[in-house]
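Okay, so here's the structure we're looking at.
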Amino acid sequence: MTKLLETEGLTAHYGDFQALFGVDMTVEHGETVAIIGANGAGKSTFLRSLTGLQSTKGQTIRLDGQPIAGLAPDKIHKAGLAMVPEGRRLFPSLSVEENLLIGAAGKRKGPWDLKAVYELFPDLVAKKNNPGTALSGGQQQMVAIGRALISNPKLLLCDEISLGLAPKIIKDIYQAVPLIRARGTAILVVEQDVGQAMAVADRIYCFMEGRVSLSGKSSELTRAQIAQAYFGTEIA
Ligand SMILES: Nc1ncnc2c1ncn2[C@@H]1O[C@H](COP(=O)(O)OP(=O)(O)OP(=O)(O)O)[C@@H](O)[C@H]1O
């Protein structure tokens, strides 16, 4: 069966600085995959490359068998990639529901609509007419995830969704992941918290200095292997 996402030898540069050195990655249909790695390892650059925010002209990225490298971000979104950006980025003058509906513009066919998002995050129902920015950080994150889901992506990309949130809220947010995959949506999440990544993902890719330093099934990787791949050093 065709892979949902495939990159082959992906590279990325900021001027003379090379940030990615030949990243091979696959995501299967319906799979949850986590990218972990220290600050500056290239995780965000990799997601930016997938979504077209970083130039990938002439490279190999396939979404469900279709080449998407070098396409404009809106074309890649239409092809089925939606991103929950780091920092959430809600529209401050719009209500929760209006923020969600922005994601529905040009939506693909699929299981996600307003009703499904409110089922996923019931806390948002009572807040739907409030301005997005009047919500707690966790609720804003729920809106950002809902806004991406409502376009019915084949693959949902999440950049550090737990950043700046309290542990209890992070738990609430991550509880949504099995419900999202139950509707058939695959997820690629960037996560600095290794425990969280291993709990939620079928497979893990660890990045170090722009390269994949380790990959494998979460259930088969050891903490020691991950520490080595994450920091480049053994831990006691
Ligand atoms: N706009 C930019 N201009 C120049 N260099 C950049 C830019 N963005 C990122 N970099 C560099 O590219 C490398 C990879 O950064 P990237 O943000 O992808 O890493 P990351 O793993 O997502 O880290 P973090 O967790 O801190 O976001 C780093 O060395 C970073 O300094």
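Residues are named by chain letter and number: chains run A, B, ... in the order of the structure tokens, numbers start at 1 in each chain, and ligands are numbered from 1 in the order shown.
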Next item on the list: Write down as a PyMOL selection string the residues of stretch 26-235 of chain A whose backbone DSSP state falls under helix (DSSP H, G or I).
Entry: chain A and resi 43-51+73-79+96-102+114-120+122-127+132-134+137-149+167-182+194-200+223-231
Note to self: Could you list, as a ChimeraX atom specification, every residue within 9 Å of A:Met198, counting only C-alpha atoms and ignoring same-chain residues fewer than 2 positions away?
What the structure shows: /A:34,193-196,200-204,217-219,221
Pick out the residues sitting within 9 Å of A:Asp159, and hand them over as a PDB file with N, CA and C atoms, in the first residue's frame; count only C-alpha atoms, and ignore anything fewer than 2 positions along from it in its own chain.
```
ATOM      1  N   LYS A  43      13.695  19.923  13.876  1.00  0.00           N
ATOM      2  CA  LYS A  43      12.318  19.407  13.873  1.00  0.00           C
ATOM      3  C   LYS A  43      11.361  20.380  13.184  1.00  0.00           C
ATOM      4  N   SER A  44      11.419  21.655  13.602  1.00  0.00           N
ATOM      5  CA  SER A  44      10.505  22.637  13.009  1.00  0.00           C
ATOM      6  C   SER A  44      10.835  22.862  11.535  1.00  0.00           C
ATOM      7  N   LEU A  47       9.127  20.182   9.562  1.00  0.00           N
ATOM      8  CA  LEU A  47       7.684  20.429   9.381  1.00  0.00           C
ATOM      9  C   LEU A  47       7.453  21.575   8.393  1.00  0.00           C
ATOM     10  N   MET A  83      -1.451  21.932   9.433  1.00  0.00           N
ATOM     11  CA  MET A  83      -0.465  22.132  10.500  1.00  0.00           C
ATOM     12  C   MET A  83      -1.105  22.837  11.690  1.00  0.00           C
ATOM     13  N   VAL A  84      -0.826  22.335  12.888  1.00  0.00           N
ATOM     14  CA  VAL A  84      -1.137  23.067  14.116  1.00  0.00           C
ATOM     15  C   VAL A  84       0.164  23.774  14.491  1.00  0.00           C
ATOM     16  N   PRO A  85       0.244  25.096  14.268  1.00  0.00           N
ATOM     17  CA  PRO A  85       1.550  25.741  14.425  1.00  0.00           C
ATOM     18  C   PRO A  85       1.936  25.902  15.879  1.00  0.00           C
ATOM     19  N   GLU A  86       3.244  25.967  16.121  1.00  0.00           N
ATOM     20  CA  GLU A  86       3.738  26.282  17.457  1.00  0.00           C
ATOM     21  C   GLU A  86       3.198  27.666  17.820  1.00  0.00           C
ATOM     22  N   GLY A  87       2.684  27.824  19.031  1.00  0.00           N
ATOM     23  CA  GLY A  87       2.192  29.145  19.442  1.00  0.00           C
ATOM     24  C   GLY A  87       0.724  29.378  19.103  1.00  0.00           C
ATOM     25  N   LEU A 157      -0.234  17.761  11.202  1.00  0.00           N
ATOM     26  CA  LEU A 157       1.104  18.036  11.726  1.00  0.00           C
ATOM     27  C   LEU A 157       0.968  18.915  12.954  1.00  0.00           C
ATOM     28  N   ILE A 161       2.793  20.871  20.615  1.00  0.00           N
ATOM     29  CA  ILE A 161       1.484  21.288  21.124  1.00  0.00           C
ATOM     30  C   ILE A 161       1.463  21.433  22.645  1.00  0.00           C
ATOM     31  N   SER A 162       2.445  20.863  23.340  1.00  0.00           N
ATOM     32  CA  SER A 162       2.411  20.958  24.807  1.00  0.00           C
ATOM     33  C   SER A 162       3.220  22.137  25.341  1.00  0.00           C
ATOM     34  N   LEU A 163       3.842  22.882  24.442  1.00  0.00           N
ATOM     35  CA  LEU A 163       4.746  23.960  24.877  1.00  0.00           C
ATOM     36  C   LEU A 163       4.007  24.991  25.727  1.00  0.00           C
ATOM     37  N   LEU A 188       1.438  13.503  12.743  1.00  0.00           N
ATOM     38  CA  LEU A 188       2.893  13.627  12.904  1.00  0.00           C
ATOM     39  C   LEU A 188       3.122  14.757  13.892  1.00  0.00           C
ATOM     40  N   VAL A 189       3.664  14.409  15.058  1.00  0.00           N
ATOM     41  CA  VAL A 189       3.776  15.391  16.132  1.00  0.00           C
ATOM     42  C   VAL A 189       5.236  15.611  16.501  1.00  0.00           C
ATOM     43  N   VAL A 190       5.607  16.887  16.639  1.00  0.00           N
ATOM     44  CA  VAL A 190       6.931  17.220  17.169  1.00  0.00           C
ATOM     45  C   VAL A 190       6.780  17.420  18.666  1.00  0.00           C
ATOM     46  N   GLU A 191       7.588  16.720  19.427  1.00  0.00           N
ATOM     47  CA  GLU A 191       7.406  16.756  20.889  1.00  0.00           C
ATOM     48  C   GLU A 191       8.764  16.701  21.579  1.00  0.00           C
TER      49      GLU A 191
END
```
Notebook entry, point to check: Please, what distance in Å, to one decimal, runs between atom CA of A:Ala104 and atom CA of A:Lys154?
Noted result: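 Pair atom CA of A:Ala104 / atom CA of A:Lys154 returns 14.3 Å.
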Neighbours of ligand 1 at 6 Å or closer, counting only C-alpha atoms and all ligand atoms: which residues, as an mmCIF file with N, CA and C atoms, in the first residue's frame?
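Generated file (selection_27.cif):
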```cif
data_model
loop_
_atom_site.group_PDB
_atom_site.id
_atom_site.type_symbol
_atom_site.label_atom_id
_atom_site.label_comp_id
_atom_site.auth_asym_id
_atom_site.auth_seq_id
_atom_site.Cartn_x
_atom_site.Cartn_y
_atom_site.Cartn_z
ATOM 1 N N TYR A 14 19.267 27.548 5.447
ATOM 2 C CA TYR A 14 18.965 28.964 5.689
ATOM 3 C C TYR A 14 20.196 29.714 5.194
ATOM 4 N N ALA A 19 20.428 23.072 7.620
ATOM 5 C CA ALA A 19 19.681 22.665 8.810
ATOM 6 C C ALA A 19 19.232 21.207 8.743
ATOM 7 N N ALA A 38 16.537 17.587 20.528
ATOM 8 C CA ALA A 38 16.870 18.765 21.324
ATOM 9 C C ALA A 38 16.593 20.053 20.536
ATOM 10 N N ASN A 39 16.683 21.181 21.210
ATOM 11 C CA ASN A 39 16.541 22.479 20.543
ATOM 12 C C ASN A 39 17.530 22.573 19.391
ATOM 13 N N GLY A 40 17.030 23.038 18.251
ATOM 14 C CA GLY A 40 17.924 23.259 17.112
ATOM 15 C C GLY A 40 18.228 22.008 16.303
ATOM 16 N N ALA A 41 17.576 20.878 16.630
ATOM 17 C CA ALA A 41 17.862 19.622 15.920
ATOM 18 C C ALA A 41 17.300 19.603 14.492
ATOM 19 N N GLY A 42 16.358 20.506 14.212
ATOM 20 C CA GLY A 42 15.802 20.582 12.858
ATOM 21 C C GLY A 42 14.355 20.131 12.749
ATOM 22 N N LYS A 43 13.695 19.923 13.876
ATOM 23 C CA LYS A 43 12.318 19.407 13.873
ATOM 24 C C LYS A 43 11.361 20.380 13.184
ATOM 25 N N SER A 44 11.419 21.655 13.602
ATOM 26 C CA SER A 44 10.505 22.637 13.009
ATOM 27 C C SER A 44 10.835 22.862 11.535
ATOM 28 N N THR A 45 12.109 22.846 11.213
ATOM 29 C CA THR A 45 12.500 23.033 9.804
ATOM 30 C C THR A 45 11.925 21.904 8.954
#
```
Next item on the list: Quick one: everything within 7 Å of A:Val96, counting only C-alpha atoms, minus sequence neighbours fewer than 4 positions away in the same chain. Send it as number ranges by chain.
Entry: A: 100, 127-132, 143
Only N, CA and C atoms, please: the residues just picked out, written as a CSV table (one decimal), in the first residue's frame.
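File again.csv, as written:
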```
chain,number,residue,atom,x,y,z
A,100,LEU,N,-12.6,28.3,14.2
A,100,LEU,CA,-12.7,26.9,13.7
A,100,LEU,C,-13.1,26.9,12.2
A,127,LYS,N,-17.9,27.9,25.0
A,127,LYS,CA,-17.0,29.1,24.7
A,127,LYS,C,-17.1,29.5,23.3
A,128,LYS,N,-18.0,28.9,22.5
A,128,LYS,CA,-17.9,29.0,21.1
A,128,LYS,C,-18.1,30.5,20.6
A,129,ASN,N,-18.8,31.3,21.4
A,129,ASN,CA,-19.0,32.7,21.0
A,129,ASN,C,-18.0,33.6,21.6
A,130,ASN,N,-17.1,33.1,22.5
A,130,ASN,CA,-16.1,33.9,23.1
A,130,ASN,C,-15.0,34.2,22.1
A,131,PRO,N,-14.3,35.4,22.3
A,131,PRO,CA,-13.1,35.6,21.4
A,131,PRO,C,-12.1,34.5,21.7
A,132,GLY,N,-11.4,34.0,20.7
A,132,GLY,CA,-10.4,32.9,20.8
A,132,GLY,C,-9.4,33.2,21.9
A,143,VAL,N,-8.6,24.8,20.1
A,143,VAL,CA,-9.1,25.5,18.9
A,143,VAL,C,-8.1,25.3,17.7
```
Margin query: For a quick check of understanding, using only C-alpha atoms, which of A:Gly22, A:Gly65, A:Gly103, A:Pro153 has the smallest distance to A:Leu81?
Written below: A:Pro153
Margin query: Which residues are close to stretch 225-228 of chain A, i.e. within 10 Å by only C-alpha atoms, leaving aside same-chain residues fewer than 6 positions away? Reply as a list in words.
Written below: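 That gives Ile36, Gly37, Val194, Ile204, Tyr205, Cys206, Ser213, Leu214, Ser215, Glu234 and Ile235 of chain A.
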Check: A:Arg62: which residues within 12 Å, counting only C-alpha atoms, same-chain residues fewer than 5 positions away excluded, as JSON, numbers by chain?
Finding: {"A": [2, 3, 4, 5, 6, 7, 8, 10, 24, 25, 26, 27, 28, 50, 51, 56, 67, 68, 69, 70, 71, 76, 79, 80, 81, 155]}
Can I get the selected residues back with C-alpha atoms, as a PDB file, in the first residue's frame?
```pdb
ATOM      1  CA  THR A   2       1.175   3.537  -0.727  1.00  0.00           C
ATOM      2  CA  LYS A   3       2.757   5.294   2.222  1.00  0.00           C
ATOM      3  CA  LEU A   4       0.846   8.327   3.413  1.00  0.00           C
ATOM      4  CA  LEU A   5       3.998  10.427   3.666  1.00  0.00           C
ATOM      5  CA  GLU A   6       7.466   9.778   2.281  1.00  0.00           C
ATOM      6  CA  THR A   7      10.503  12.012   2.252  1.00  0.00           C
ATOM      7  CA  GLU A   8      13.742  10.922   0.633  1.00  0.00           C
ATOM      8  CA  LEU A  10      15.376  15.845   2.477  1.00  0.00           C
ATOM      9  CA  ASP A  24      14.181   9.886   5.123  1.00  0.00           C
ATOM     10  CA  MET A  25      10.809   9.550   6.798  1.00  0.00           C
ATOM     11  CA  THR A  26       7.613   7.613   6.248  1.00  0.00           C
ATOM     12  CA  VAL A  27       4.183   7.819   7.849  1.00  0.00           C
ATOM     13  CA  GLU A  28       1.670   5.068   7.175  1.00  0.00           C
ATOM     14  CA  LEU A  50       6.558  19.541   4.490  1.00  0.00           C
ATOM     15  CA  THR A  51       4.083  22.431   4.542  1.00  0.00           C
ATOM     16  CA  THR A  56      11.946  22.049  -1.184  1.00  0.00           C
ATOM     17  CA  PRO A  67       4.692  14.693  -5.248  1.00  0.00           C
ATOM     18  CA  ILE A  68       4.255  17.829  -3.123  1.00  0.00           C
ATOM     19  CA  ALA A  69       7.815  19.209  -2.893  1.00  0.00           C
ATOM     20  CA  GLY A  70       8.062  22.747  -4.201  1.00  0.00           C
ATOM     21  CA  LEU A  71       4.290  23.363  -4.158  1.00  0.00           C
ATOM     22  CA  ILE A  76      -0.072  21.394  -0.023  1.00  0.00           C
ATOM     23  CA  ALA A  79      -3.501  18.016  -0.995  1.00  0.00           C
ATOM     24  CA  GLY A  80      -4.156  17.015   2.629  1.00  0.00           C
ATOM     25  CA  LEU A  81      -1.544  18.354   5.039  1.00  0.00           C
ATOM     26  CA  LEU A 155      -2.038  14.029   7.869  1.00  0.00           C
TER      27      LEU A 155
END
```
